[in-house]
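Printed here is run16.txt (compact mmCIF, C-alpha atoms):
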```txt
# COMPACT_ATOMS: atom_id res chain seq x y z
CA MET A 503 77.59 -6.76 51.78
CA LEU A 504 79.56 -6.56 48.57
CA LYS A 505 80.55 -3.01 47.52
CA TYR A 506 82.66 -1.44 44.82
CA SER A 507 86.06 -0.65 46.27
CA LYS A 508 88.11 2.54 45.84
CA GLN A 509 85.12 4.55 44.57
CA THR A 510 84.08 8.00 45.73
CA ARG A 511 80.55 8.29 47.12
CA LEU A 512 78.26 10.96 45.63
CA LEU A 513 74.99 12.47 46.76
CA LEU A 514 72.08 12.19 44.31
CA ALA A 515 69.38 14.85 44.23
CA VAL A 516 66.40 15.86 42.10
CA ASP A 517 65.19 19.36 41.24
CA CYS A 518 61.68 20.10 39.96
CA ILE A 519 61.04 22.98 37.55
CA ILE A 520 57.32 23.84 37.47
CA PHE A 521 56.10 26.31 34.86
CA GLY A 522 52.51 27.50 34.97
CA PHE A 523 50.18 29.49 32.74
CA ASP A 524 47.41 31.59 34.31
CA GLY A 525 45.74 32.69 31.09
CA GLU A 526 47.88 35.78 30.69
CA VAL A 527 51.54 35.15 31.56
CA LEU A 528 53.96 32.27 31.99
CA LYS A 529 55.13 31.76 35.57
CA ILE A 530 57.52 29.60 37.58
CA LEU A 531 56.92 28.08 41.02
CA LEU A 532 59.66 28.70 43.60
CA ILE A 533 60.19 28.14 47.33
CA LYS A 534 62.38 29.59 50.05
CA ARG A 535 65.24 27.16 50.69
CA GLY A 536 64.98 25.76 54.20
CA PHE A 537 68.61 24.87 55.00
CA GLN A 538 72.18 26.02 54.46
CA PRO A 539 73.85 26.91 52.24
CA GLU A 540 71.64 29.62 50.66
CA LYS A 541 69.01 29.23 53.37
CA GLY A 542 66.11 31.63 52.81
CA ASN A 543 66.93 32.26 49.15
CA TRP A 544 64.62 31.38 46.30
CA SER A 545 65.03 27.91 44.91
CA LEU A 546 63.48 25.22 42.76
CA MET A 547 61.87 22.32 44.60
CA GLY A 548 64.78 20.02 45.33
CA GLY A 549 65.96 17.33 47.68
CA PHE A 550 67.97 14.15 48.01
CA VAL A 551 67.01 10.76 46.63
CA GLN A 552 66.44 8.18 49.36
CA PRO A 553 67.92 4.65 49.10
CA GLU A 554 64.54 2.97 48.58
CA GLU A 555 63.29 5.43 45.96
CA SER A 556 63.45 5.58 42.19
CA LEU A 557 64.18 8.98 40.66
CA ASP A 558 60.54 9.46 39.67
CA GLN A 559 59.32 8.54 43.14
CA SER A 560 61.77 10.99 44.69
CA ALA A 561 60.71 13.82 42.38
CA ASN A 562 57.03 13.33 43.15
CA ARG A 563 57.64 13.04 46.90
CA ILE A 564 59.75 16.20 47.04
CA LEU A 565 57.28 18.20 44.95
CA LYS A 566 54.36 17.21 47.18
CA GLN A 567 56.34 17.77 50.39
CA LEU A 568 57.54 21.26 49.45
CA THR A 569 54.53 22.61 47.54
CA GLY A 570 51.53 20.32 48.12
CA LEU A 571 51.32 19.53 44.41
CA GLU A 572 50.56 15.96 43.41
CA GLY A 573 49.30 14.26 40.29
CA VAL A 574 51.52 16.50 38.14
CA TYR A 575 53.14 14.87 35.13
CA LEU A 576 56.90 15.35 35.56
CA GLU A 577 59.29 14.73 32.69
CA GLN A 578 62.97 14.05 33.26
CA LEU A 579 65.06 16.79 31.69
CA TYR A 580 68.83 16.59 32.24
CA THR A 581 71.48 15.55 34.76
CA PHE A 582 73.66 18.30 36.24
CA GLY A 583 76.94 17.08 37.69
CA GLN A 584 79.64 19.76 37.65
CA PRO A 585 82.04 18.95 40.54
CA GLN A 586 81.64 22.34 42.25
CA ARG A 587 77.92 22.91 41.65
CA ASP A 588 77.18 22.41 45.37
CA PRO A 589 79.69 24.05 47.77
CA ILE A 590 79.08 21.54 50.58
CA GLU A 591 79.43 18.10 49.00
CA ARG A 592 79.72 16.57 45.53
CA THR A 593 76.09 16.35 44.48
CA VAL A 594 74.63 15.22 41.17
CA SER A 595 71.12 16.49 40.43
CA VAL A 596 68.58 15.04 38.01
CA SER A 597 66.14 17.75 36.92
CA TYR A 598 62.47 17.32 36.10
CA PHE A 599 60.06 19.79 34.55
CA ALA A 600 56.35 20.31 34.08
CA LEU A 601 54.07 22.87 32.46
CA ILE A 602 50.66 23.14 34.16
CA ASP A 603 47.45 25.16 34.20
CA ILE A 604 47.85 27.23 37.37
CA HIS A 605 44.10 27.46 37.98
CA LYS A 606 43.75 23.68 37.88
CA TYR A 607 46.23 23.17 40.72
CA GLU A 608 46.00 26.41 42.74
CA ALA A 609 43.97 24.81 45.55
CA GLN A 610 46.78 22.31 46.20
CA ILE A 611 49.56 24.85 46.78
CA SER A 612 50.91 24.74 50.32
CA ASP A 613 52.56 27.71 52.06
CA ASP A 614 54.72 25.57 54.38
CA TYR A 615 57.82 26.50 52.38
CA GLN A 616 56.42 29.79 51.03
CA ALA A 617 55.79 28.35 47.58
CA GLU A 618 55.06 31.26 45.27
CA TRP A 619 54.41 31.85 41.58
CA PHE A 620 56.63 34.41 39.83
CA GLN A 621 56.36 35.81 36.35
CA LEU A 622 59.11 34.04 34.45
CA LYS A 623 60.52 37.32 33.17
CA ARG A 624 60.68 38.75 36.70
CA ALA A 625 61.75 35.69 38.69
CA PRO A 626 64.40 36.22 41.39
CA LYS A 627 67.93 34.88 41.22
CA LEU A 628 68.14 31.16 41.94
CA ILE A 629 70.73 29.18 43.89
CA PHE A 630 73.61 27.15 42.49
CA ASP A 631 73.15 26.23 38.79
CA GLN A 632 69.36 26.29 38.90
CA GLN A 633 69.06 29.14 36.40
CA GLU A 634 70.77 26.88 33.87
CA MET A 635 68.21 24.20 34.70
CA VAL A 636 65.38 26.63 34.00
CA GLU A 637 66.85 27.63 30.64
CA GLN A 638 67.27 23.99 29.63
CA ALA A 639 63.63 23.34 30.57
CA ARG A 640 62.42 26.34 28.57
CA LYS A 641 64.24 25.07 25.48
CA ARG A 642 62.68 21.61 25.90
CA ILE A 643 59.17 23.05 26.24
CA ARG A 644 59.65 25.24 23.15
CA TYR A 645 60.75 22.22 21.16
CA LYS A 646 57.82 20.10 22.32
CA ALA A 647 55.33 22.92 21.75
CA ALA A 648 56.59 23.44 18.20
CA MET A 649 56.32 19.77 17.33
CA HIS A 650 53.05 18.87 19.09
CA PRO A 651 49.89 20.74 20.22
CA ILE A 652 50.63 20.23 23.92
CA LEU A 653 49.97 23.86 24.87
CA PHE A 654 46.28 23.51 24.04
CA GLU A 655 45.93 21.47 27.22
CA LEU A 656 46.78 24.51 29.34
CA LEU A 657 43.74 26.46 28.16
CA PRO A 658 40.16 26.48 29.49
CA THR A 659 37.54 24.26 27.85
CA LYS A 660 36.65 27.14 25.54
CA PHE A 661 39.12 29.82 24.54
CA THR A 662 39.78 32.49 21.93
CA ILE A 663 42.49 32.62 19.27
CA PRO A 664 44.05 35.68 21.01
CA GLN A 665 44.27 33.70 24.27
CA LEU A 666 46.00 30.84 22.46
CA GLN A 667 48.38 33.29 20.78
CA THR A 668 49.24 34.87 24.13
CA LEU A 669 50.21 31.44 25.46
CA TYR A 670 52.49 30.71 22.49
CA GLU A 671 54.09 34.16 22.70
CA CYS A 672 54.80 33.60 26.40
CA VAL A 673 56.39 30.20 25.82
CA PHE A 674 58.51 31.34 22.87
CA ASN A 675 59.18 34.81 24.31
CA THR A 676 58.39 36.48 21.00
CA THR A 677 55.68 38.35 19.11
CA ILE A 678 53.77 36.36 16.51
CA ASP A 679 51.94 37.95 13.59
CA LYS A 680 48.23 37.90 14.45
CA ARG A 681 46.85 37.01 11.00
CA ASN A 682 49.51 34.42 10.29
CA PHE A 683 48.98 32.75 13.66
CA SER A 684 45.22 32.57 13.21
CA LYS A 685 45.58 31.14 9.71
CA ARG A 686 48.07 28.49 10.81
CA VAL A 687 46.17 27.35 13.88
CA LEU A 688 42.83 27.09 12.07
CA ALA A 689 44.49 25.10 9.28
CA THR A 690 45.41 22.35 11.75
CA GLY A 691 41.77 21.25 11.98
CA LEU A 692 42.13 20.94 15.75
CA LEU A 693 39.61 23.64 16.70
CA ILE A 694 35.82 23.78 16.73
CA LYS A 695 34.33 27.25 16.40
CA LEU A 696 31.57 28.03 18.90
CA ALA A 697 28.63 30.41 18.52
CA ASP A 698 29.37 32.64 21.52
CA LYS A 699 32.01 35.34 21.83
CA ASP A 700 34.31 36.79 24.46
CA LYS A 701 33.49 40.51 24.50
CA ALA A 702 35.72 41.46 27.42
CA GLY A 703 38.43 42.90 25.17
CA SER A 704 36.28 44.72 22.59
CA LYS A 705 32.68 45.37 21.50
CA ARG A 706 33.15 43.19 18.45
CA GLY A 707 34.49 40.35 20.56
CA ALA A 708 36.38 37.19 19.64
CA TYR A 709 34.76 33.84 18.94
CA TYR A 710 35.34 31.05 21.38
CA TYR A 711 36.81 27.76 20.20
CA GLN A 712 37.20 24.37 21.77
CA LEU A 713 39.65 21.59 21.05
CA ASN A 714 38.43 18.86 18.74
CA MET A 715 39.60 15.97 20.88
CA GLN A 716 39.09 13.37 18.15
CA ASN A 717 41.31 15.29 15.74
CA TYR A 718 43.69 16.17 18.56
CA TYR A 719 44.71 12.57 19.11
CA ALA A 720 44.42 11.57 15.45
CA LYS A 721 46.56 14.47 14.23
CA PHE A 722 48.96 14.77 17.14
CA GLN A 723 51.95 13.94 14.97
CA ALA A 724 50.69 16.14 12.12
CA PHE A 725 51.33 19.29 14.13
CA MET A 726 54.96 19.37 12.98
CA ASN A 727 56.40 22.79 12.15
CA PHE A 728 53.50 24.86 13.46
CA ILE A 729 56.22 27.06 14.93
CA PRO A 730 59.14 26.84 12.46
CA ASN A 731 62.70 26.81 13.83
CA PRO A 732 61.76 27.16 17.54
CA ASP A 733 65.40 27.38 18.64
CA THR A 734 65.80 30.65 16.72
CA LEU A 735 62.99 32.44 18.57
```

Could you rewrite the structure in this file as structure tokens?
Amino acid sequence: MLKYSKQTRLLLAVDCIIFGFDGEVLKILLIKRGFQPEKGNWSLMGGFVQPEESLDQSANRILKQLTGLEGVYLEQLYTFGQPQRDPIERTVSVSYFALIDIHKYEAQISDDYQAEWFQLKRAPKLIFDQQEMVEQARKRIRYKAAMHPILFELLPTKFTIPQLQTLYECVFNTTIDKRNFSKRVLATGLLIKLADKDKAGSKRGAYYYQLNMQNYYAKFQAFMNFIPNPDTL
């Protein structure tokens, strides 16, 4: 079999960064690493790419094997290849990320590798350069959420403006002016106001809304600058 001569062999891995929203806070899914080095420490879902696999196939296999999750849309993020990032062997890792509704997938979560959701602000220290991976993924999600209404898909069928604001504040790690947020989001034309209210938070209550799916797809590109200058937040 013909091979390239005088070339150093490298290991290729994938790491999956799964963010989830439970209606109140933004979380990250982690597992206990099952082998050395760093065995027993908290880690992203990672593993090595097999010869017969594409990168996408590997990412989906590893995520299902370590957490039970399947059918999750994974987006390729960045390739991490610093020479000393893995103390055992030279390993290049291609990272993937996803942002999901925790309640939609909670029945799939397996405890074989102690998969556990952590509040993003209180997540434990991660192995190797995985914290850098998480920060890169957060920046990508902020950019996408500012340009397109993707975060709406993480909410229940009907939701309140305060619930939507909580989600955006979690993603952007900031406080957004209540009146300004409400004005901006209603101006998009993406919401349909319902007759019933959520009265759990106050006697007056907050009206429920649902996503206008026809406008959602028609105006997807028109959502530009809903959150101005996301990188500065």

> Which polymer residues have any atom within 8 Å of an atom of Lys660 (chain A), counting only C-alpha atoms, with same-chain residues fewer than 4 positions away left out, as a PyMOL selection string?
Replying inline: chain A and resi 710-713

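Checking A:Gln559, A:Gln538, A:Gln616, A:Gln716 one by one against Pro589 (chain A), counting only C-alpha atoms, you find the shortest gap at A:Gln538.
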
> Distance CA of Asn714 (chain A)-CA of Asp698 (chain A), one decimal place?
Replying inline: 16.7 Å

>> Please list as a list in words every residue within 12 Å of Gly536 (chain A), counting all atoms listed in the file and excluding residues in the same chain fewer than 3 positions away.
In response: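 The neighbour list is Ile533, Pro539, Glu540, Lys541, Gly542, Asn543, Trp544, Ser545, Leu546, Met547, Gly548, Gly549, Leu568, Asp614, Tyr615, Gln616 and Ala617 of chain A.
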
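The shortest atom-to-atom distance to Leu657 (chain A), with all atoms listed in the file taken into account, belongs to A:Gly525 out of A:Ala609, A:Tyr709, A:Gly525, A:Asp700.
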
> Given the choices A:Arg587, A:Arg640, A:Lys534, A:Lys699, which gets closest to Phe661 (chain A) if the distance is worked out from all atoms listed in the file?
Replying inline: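 Result for the nearest residue to Phe661 (chain A): A:Lys699.
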
>> Neighbouring residues of region 666-680 of chain A were defined as those with any atom within 7 Å, considering all atoms listed in the file; residues of the same chain fewer than 4 positions away were excluded. Please report them as a list in words.
In response: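 With the cut-off at 7 Å, the set is Glu526, Val527, Leu528, Arg644, Thr662, Ser684 and Leu735 of chain A.
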